[in-house]
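*Asks:* Hey, dropping input_29.pdb in here, PDB, C-alpha atoms, pLDDT in the B column:
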ATOM      1  CA  MET D   1     147.041 148.600 124.552  1.00 52.00           C
ATOM      2  CA  SER D   2     149.499 145.809 124.520  1.00 79.00           C
ATOM      3  CA  PHE D   3     149.843 142.667 122.530  1.00 86.00           C
ATOM      4  CA  GLN D   4     148.689 140.870 125.702  1.00 90.00           C
ATOM      5  CA  LYS D   5     145.069 141.824 124.937  1.00 92.00           C
ATOM      6  CA  VAL D   6     145.361 140.178 121.498  1.00 92.00           C
ATOM      7  CA  LYS D   7     146.761 137.020 123.120  1.00 93.00           C
ATOM      8  CA  GLU D   8     143.923 136.981 125.669  1.00 94.00           C
ATOM      9  CA  ILE D   9     141.277 137.268 122.942  1.00 95.00           C
ATOM     10  CA  LEU D  10     142.925 134.495 120.877  1.00 95.00           C
ATOM     11  CA  ASN D  11     143.086 132.257 123.939  1.00 95.00           C
ATOM     12  CA  LYS D  12     139.415 132.904 124.752  1.00 96.00           C
ATOM     13  CA  LEU D  13     138.403 132.223 121.131  1.00 96.00           C
ATOM     14  CA  THR D  14     140.371 128.959 121.068  1.00 96.00           C
ATOM     15  CA  GLN D  15     138.644 127.821 124.276  1.00 97.00           C
ATOM     16  CA  GLU D  16     135.269 128.769 122.786  1.00 97.00           C
ATOM     17  CA  HIS D  17     136.034 126.684 119.698  1.00 97.00           C
ATOM     18  CA  LYS D  18     136.123 123.551 121.872  1.00 97.00           C
ATOM     19  CA  LEU D  19     132.820 124.421 123.560  1.00 98.00           C
ATOM     20  CA  LEU D  20     131.068 125.342 120.309  1.00 98.00           C
ATOM     21  CA  LEU D  21     132.232 122.136 118.592  1.00 98.00           C
ATOM     22  CA  LYS D  22     131.059 120.003 121.511  1.00 98.00           C
ATOM     23  CA  LYS D  23     127.657 121.712 121.437  1.00 98.00           C
ATOM     24  CA  SER D  24     127.429 121.339 117.635  1.00 98.00           C
ATOM     25  CA  GLU D  25     128.128 117.586 117.931  1.00 97.00           C
ATOM     26  CA  GLU D  26     125.379 117.258 120.549  1.00 98.00           C
ATOM     27  CA  LEU D  27     122.900 119.189 118.390  1.00 98.00           C
ATOM     28  CA  GLU D  28     123.737 117.178 115.271  1.00 96.00           C
ATOM     29  CA  LYS D  29     123.183 113.926 117.184  1.00 96.00           C
ATOM     30  CA  GLU D  30     119.907 115.238 118.583  1.00 96.00           C
ATOM     31  CA  LEU D  31     118.752 116.218 115.088  1.00 96.00           C
ATOM     32  CA  GLU D  32     119.473 112.725 113.752  1.00 94.00           C
ATOM     33  CA  GLU D  33     117.825 110.955 116.702  1.00 95.00           C
ATOM     34  CA  ASN D  34     114.941 113.328 117.390  1.00 92.00           C
ATOM     35  CA  PHE D  35     114.127 115.366 114.290  1.00 95.00           C
ATOM     36  CA  SER D  36     111.619 117.991 115.437  1.00 95.00           C
ATOM     37  CA  PRO D  37     110.778 121.673 115.041  1.00 95.00           C
ATOM     38  CA  GLU D  38     112.140 122.184 118.585  1.00 96.00           C
ATOM     39  CA  THR D  39     115.510 120.699 117.650  1.00 97.00           C
ATOM     40  CA  ILE D  40     115.641 122.835 114.497  1.00 97.00           C
ATOM     41  CA  ASP D  41     114.859 125.911 116.651  1.00 97.00           C
ATOM     42  CA  LYS D  42     117.649 124.978 119.081  1.00 98.00           C
ATOM     43  CA  ILE D  43     120.112 124.680 116.203  1.00 98.00           C
ATOM     44  CA  ILE D  44     119.099 128.025 114.680  1.00 98.00           C
ATOM     45  CA  LYS D  45     119.322 129.687 118.108  1.00 98.00           C
ATOM     46  CA  PHE D  46     122.803 128.172 118.597  1.00 98.00           C
ATOM     47  CA  ILE D  47     123.914 129.429 115.165  1.00 98.00           C
ATOM     48  CA  ASP D  48     122.462 132.923 115.656  1.00 98.00           C
ATOM     49  CA  GLU D  49     123.452 133.471 119.276  1.00 98.00           C
ATOM     50  CA  ASP D  50     126.492 131.354 120.184  1.00 98.00           C
ATOM     51  CA  VAL D  51     128.254 131.140 116.828  1.00 97.00           C
ATOM     52  CA  GLY D  52     127.100 134.667 115.946  1.00 96.00           C
ATOM     53  CA  GLU D  53     128.585 136.201 119.100  1.00 97.00           C
ATOM     54  CA  HIS D  54     131.813 134.242 118.597  1.00 96.00           C
ATOM     55  CA  ALA D  55     132.111 135.620 115.060  1.00 95.00           C
ATOM     56  CA  ARG D  56     131.370 139.141 116.320  1.00 95.00           C
ATOM     57  CA  VAL D  57     134.251 138.925 118.829  1.00 95.00           C
ATOM     58  CA  GLU D  58     136.581 137.818 116.026  1.00 92.00           C
ATOM     59  CA  GLU D  59     135.441 140.487 113.593  1.00 91.00           C
ATOM     60  CA  GLU D  60     135.120 143.425 115.989  1.00 93.00           C
ATOM     61  CA  ASP D  61     136.989 142.878 119.277  1.00 94.00           C
ATOM     62  CA  LEU D  62     139.964 141.070 117.755  1.00 93.00           C
ATOM     63  CA  ASP D  63     140.205 143.559 114.888  1.00 91.00           C
ATOM     64  CA  GLU D  64     140.134 146.452 117.374  1.00 92.00           C
ATOM     65  CA  ALA D  65     142.783 144.801 119.588  1.00 93.00           C
ATOM     66  CA  LEU D  66     145.019 144.227 116.556  1.00 91.00           C
ATOM     67  CA  GLU D  67     144.721 147.882 115.574  1.00 90.00           C
ATOM     68  CA  GLU D  68     145.471 149.003 119.128  1.00 90.00           C
ATOM     69  CA  ALA D  69     148.533 146.727 119.211  1.00 89.00           C
ATOM     70  CA  GLY D  70     149.712 148.298 115.955  1.00 87.00           C
ATOM     71  CA  ILE D  71     149.281 145.139 113.889  1.00 85.00           C
ATOM     72  CA  THR D  72     147.995 146.430 110.588  1.00 80.00           C
ATOM     73  CA  GLU D  73     149.549 143.790 108.325  1.00 80.00           C
ATOM     74  CA  PHE D  74     147.189 140.975 109.336  1.00 82.00           C
ATOM     75  CA  ASP D  75     144.353 140.528 106.841  1.00 81.00           C
ATOM     76  CA  ILE D  76     141.246 140.229 109.025  1.00 83.00           C
ATOM     77  CA  GLU D  77     139.157 139.888 105.844  1.00 85.00           C
ATOM     78  CA  ALA D  78     140.651 136.442 105.237  1.00 82.00           C
ATOM     79  CA  LEU D  79     139.254 135.378 108.598  1.00 82.00           C
ATOM     80  CA  ASN D  80     135.919 137.103 107.937  1.00 88.00           C
ATOM     81  CA  PHE D  81     135.555 135.284 104.604  1.00 89.00           C
ATOM     82  CA  GLY D  82     135.001 132.028 106.517  1.00 89.00           C
ATOM     83  CA  HIS D  83     132.217 133.726 108.424  1.00 93.00           C
ATOM     84  CA  ARG D  84     130.463 134.770 105.202  1.00 95.00           C
ATOM     85  CA  THR D  85     130.523 131.138 104.027  1.00 95.00           C
ATOM     86  CA  LEU D  86     128.968 130.016 107.316  1.00 96.00           C
ATOM     87  CA  ASP D  87     126.373 132.809 107.064  1.00 97.00           C
ATOM     88  CA  GLU D  88     125.312 131.543 103.624  1.00 97.00           C
ATOM     89  CA  ILE D  89     124.822 127.995 104.920  1.00 98.00           C
ATOM     90  CA  ALA D  90     122.948 129.337 107.975  1.00 98.00           C
ATOM     91  CA  ASP D  91     120.632 131.361 105.729  1.00 98.00           C
ATOM     92  CA  HIS D  92     119.886 128.210 103.728  1.00 98.00           C
ATOM     93  CA  ILE D  93     119.113 126.264 106.925  1.00 98.00           C
ATOM     94  CA  LYS D  94     116.730 129.014 108.064  1.00 98.00           C
ATOM     95  CA  TYR D  95     115.007 129.122 104.687  1.00 98.00           C
ATOM     96  CA  VAL D  96     114.512 125.353 104.460  1.00 98.00           C
ATOM     97  CA  ALA D  97     113.418 125.286 108.132  1.00 97.00           C
ATOM     98  CA  SER D  98     110.760 127.909 107.360  1.00 97.00           C
ATOM     99  CA  LEU D  99     109.427 125.720 104.526  1.00 97.00           C
ATOM    100  CA  TYR D 100     109.416 122.692 106.837  1.00 97.00           C
ATOM    101  CA  LYS D 101     107.476 124.637 109.460  1.00 95.00           C
ATOM    102  CA  GLU D 102     104.936 125.654 106.785  1.00 96.00           C
ATOM    103  CA  GLY D 103     104.285 121.946 106.328  1.00 96.00           C
ATOM    104  CA  LYS D 104     106.244 121.386 103.139  1.00 96.00           C
ATOM    105  CA  ASN D 105     107.738 117.911 102.700  1.00 95.00           C
ATOM    106  CA  GLU D 106     110.074 118.633  99.812  1.00 96.00           C
ATOM    107  CA  TYR D 107     112.736 121.157  98.893  1.00 95.00           C
ATOM    108  CA  LEU D 108     113.676 121.193  95.189  1.00 95.00           C
ATOM    109  CA  GLY D 109     112.328 117.667  94.826  1.00 95.00           C
ATOM    110  CA  LYS D 110     114.275 116.337  97.818  1.00 95.00           C
ATOM    111  CA  ASP D 111     112.986 115.195 101.196  1.00 97.00           C
ATOM    112  CA  ILE D 112     112.972 118.324 103.345  1.00 96.00           C
ATOM    113  CA  LYS D 113     114.134 116.571 106.525  1.00 96.00           C
ATOM    114  CA  LYS D 114     117.105 115.061 104.693  1.00 96.00           C
ATOM    115  CA  GLU D 115     117.927 118.488 103.230  1.00 97.00           C
ATOM    116  CA  LEU D 116     117.831 120.074 106.683  1.00 96.00           C
ATOM    117  CA  ILE D 117     120.019 117.359 108.230  1.00 97.00           C
ATOM    118  CA  LYS D 118     122.471 117.606 105.313  1.00 97.00           C
ATOM    119  CA  SER D 119     122.611 121.411 105.605  1.00 98.00           C
ATOM    120  CA  VAL D 120     123.100 121.355 109.384  1.00 98.00           C
ATOM    121  CA  LYS D 121     125.881 118.762 109.003  1.00 98.00           C
ATOM    122  CA  LEU D 122     127.470 120.969 106.336  1.00 98.00           C
ATOM    123  CA  PHE D 123     127.292 123.988 108.642  1.00 98.00           C
ATOM    124  CA  PHE D 124     128.876 122.114 111.544  1.00 98.00           C
ATOM    125  CA  SER D 125     131.623 120.506 109.430  1.00 98.00           C
ATOM    126  CA  THR D 126     132.387 123.903 107.832  1.00 97.00           C
ATOM    127  CA  LEU D 127     132.483 125.441 111.319  1.00 97.00           C
ATOM    128  CA  LYS D 128     134.961 122.789 112.446  1.00 97.00           C
ATOM    129  CA  ASP D 129     137.138 123.380 109.352  1.00 96.00           C
ATOM    130  CA  HIS D 130     136.975 127.134 109.953  1.00 95.00           C
ATOM    131  CA  PHE D 131     138.092 126.755 113.578  1.00 96.00           C
ATOM    132  CA  THR D 132     140.942 124.473 112.486  1.00 95.00           C
ATOM    133  CA  GLU D 133     142.025 127.059 109.921  1.00 93.00           C
ATOM    134  CA  GLU D 134     141.943 129.791 112.562  1.00 93.00           C
ATOM    135  CA  GLU D 135     143.901 127.770 115.114  1.00 94.00           C
ATOM    136  CA  HIS D 136     146.511 126.414 112.692  1.00 93.00           C
ATOM    137  CA  PHE D 137     146.954 129.383 110.355  1.00 91.00           C
ATOM    138  CA  PHE D 138     145.304 132.690 111.309  1.00 91.00           C
ATOM    139  CA  PHE D 139     145.984 132.744 115.055  1.00 92.00           C
ATOM    140  CA  PRO D 140     149.652 131.647 114.762  1.00 91.00           C
ATOM    141  CA  ASP D 141     150.020 134.203 111.967  1.00 89.00           C
ATOM    142  CA  ILE D 142     148.798 136.903 114.361  1.00 89.00           C
ATOM    143  CA  LEU D 143     151.048 135.646 117.186  1.00 85.00           C
ATOM    144  CA  LYS D 144     154.151 135.820 114.988  1.00 83.00           C
ATOM    145  CA  TYR D 145     153.831 139.625 114.917  1.00 73.00           C
ATOM    146  CA  ASP D 146     154.705 139.636 118.611  1.00 68.00           C
ATOM    147  CA  LEU D 147     157.769 137.455 118.034  1.00 61.00           C
ATOM    148  CA  GLU D 148     158.985 139.581 115.125  1.00 56.00           C
ATOM    149  CA  ARG D 149     159.209 142.610 117.418  1.00 52.00           C
ATOM    150  CA  PHE D 150     161.925 140.906 119.466  1.00 48.00           C
ATOM    151  CA  GLU D 151     164.052 139.643 116.585  1.00 43.00           C
TER     152      GLU D 151
END
Write the structure described by the file as structure tokens, please.
*Replies:*
Amino acid sequence: MSFQKVKEILNKLTQEHKLLLKKSEELEKELEENFSPETIDKIIKFIDEDVGEHARVEEEDLDEALEEAGITEFDIEALNFGHRTLDEIADHIKYVASLYKEGKNEYLGKDIKKELIKSVKLFFSTLKDHFTEEEHFFFPDILKYDLERFE
């Protein structure tokens, strides 16, 4: 397995970042303009399926490709740490959404709709920051291993 496979995965992930951010912006706007259980469901589905699969590719496929390319120095756990943070926010969104669907109007004394909007915005802004970190730090860090082989 060559380093080419690693480059292909990184390129695919970078392209996905653009698509996921565009979709997250659309969902956030929809939530603000049309707060509904359906919109909340769409957001949770997006987080579980689209963002979840993206994270799986980074954690499993990329890790495997790095191992196959002989790159053992890269700390994949640093990248995975960002995913754990996103998972925690997603769990909070799901919990508050379940209370909202049970008919509750408040969460810890706060308006439940405002809490959901705030939490979704936090998830999406954290996602954007995470992608930026990957593209500006983690991915170039991985790519430098290929360059070092030719020095």
*Asks:* Which is closest to Glu26 of chain D among D:Glu67, D:Phe124, D:Asn80, D:Thr132, if we use all atoms listed in the file?
*Replies:*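 Under the stated criterion, the closest residue is D:Phe124.
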*Asks:* Do you have the atom CA of Leu27 of chain D-atom CA of Ser119 of chain D distance handy?
*Replies:* 13.0 Å
*Asks:* Need to verify the contact set: segment 34-39 of chain D, 9 Å, all atoms listed in the file, exclusion of same-chain residues closer than 6 positions in sequence. Can you return it as a list in words?
*Replies:*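 Using all atoms listed in the file, the neighbours found are Leu27, Ala97, Tyr100, Lys101, Lys113 and Ile117 of chain D.
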*Asks:* Would you tabulate, counting all atoms listed in the file, all residues of segment 90-150 of chain D that have an atom at most 7 Å from an atom of segment 6-21 of chain D, showing the closest pair of atoms and their distance in Å to one decimal, sorted by chain then ascending number, as JSON lines?
*Replies:*
{"residue": "D:Lys128", "atom": "CA", "partner": "D:Leu21", "partner_atom": "CA", "distance": 6.8}
{"residue": "D:Phe131", "atom": "CA", "partner": "D:His17", "partner_atom": "CA", "distance": 6.5}
{"residue": "D:Phe139", "atom": "CA", "partner": "D:Leu10", "partner_atom": "CA", "distance": 6.8}
*Asks:* When you count all atoms listed in the file, which of these residues is closest to Glu68 of chain D: D:Gln4, D:Lys144, D:Glu102, D:Phe137?
*Replies:*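 Going through D:Gln4, D:Lys144, D:Glu102, D:Phe137 one by one, the smallest distance to Glu68 of chain D is for D:Gln4.
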*Asks:* Mind checking which residues fall within 10 Å of Phe138 of chain D, counting only C-alpha atoms, ignoring those fewer than 4 positions away in the same chain, and posting them as a PyMOL selection string?
*Replies:* chain D and resi 74-76+78-79+131-134+142-143
*Asks:* Go through D:Asp41, D:Ala55, D:Thr85, D:Phe46 and flag the residue nearest Glu25 of chain D, using all atoms listed in the file for the distances.
*Replies:*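 The answer is D:Phe46, which sits nearest to Glu25 of chain D.
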*Asks:* Counting all atoms listed in the file, which residue out of D:Lys5, D:Lys45, D:His54, D:Lys23 sits closest to Ile93 of chain D?
*Replies:*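 Of all the options, D:Lys45 lies closest to Ile93 of chain D.
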*Asks:* With all atoms listed in the file as the counted atoms, please give the residues lying no more than 9 Å from Glu77 of chain D, apart from itself and same-chain residues fewer than 4 positions off, as a list in words.
*Replies:*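 Within the cut-off, the hits are Glu59, Phe81 and Gly82 of chain D.
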*Asks:* Would you compute the distance between atom CA of Phe3 of chain D and atom CA of Arg56 of chain D? Give it in Å to one decimal.
*Replies:*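 Interatomic distance here is 19.8 Å.
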*Asks:* Restricting the calculation to all atoms listed in the file, which member of D:Ile40, D:Val96, D:Leu122, D:Ile71 is positioned closest to Lys110 of chain D?
*Replies:*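 Closest to Lys110 of chain D of all the choices is D:Val96.
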*Asks:* Could you jot down the atom CA of Lys42 of chain D to atom CA of Phe123 of chain D separation for me, Å, one decimal place?
*Replies:*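 Answer for the atom CA of Lys42 of chain D to atom CA of Phe123 of chain D separation: 14.2 Å.
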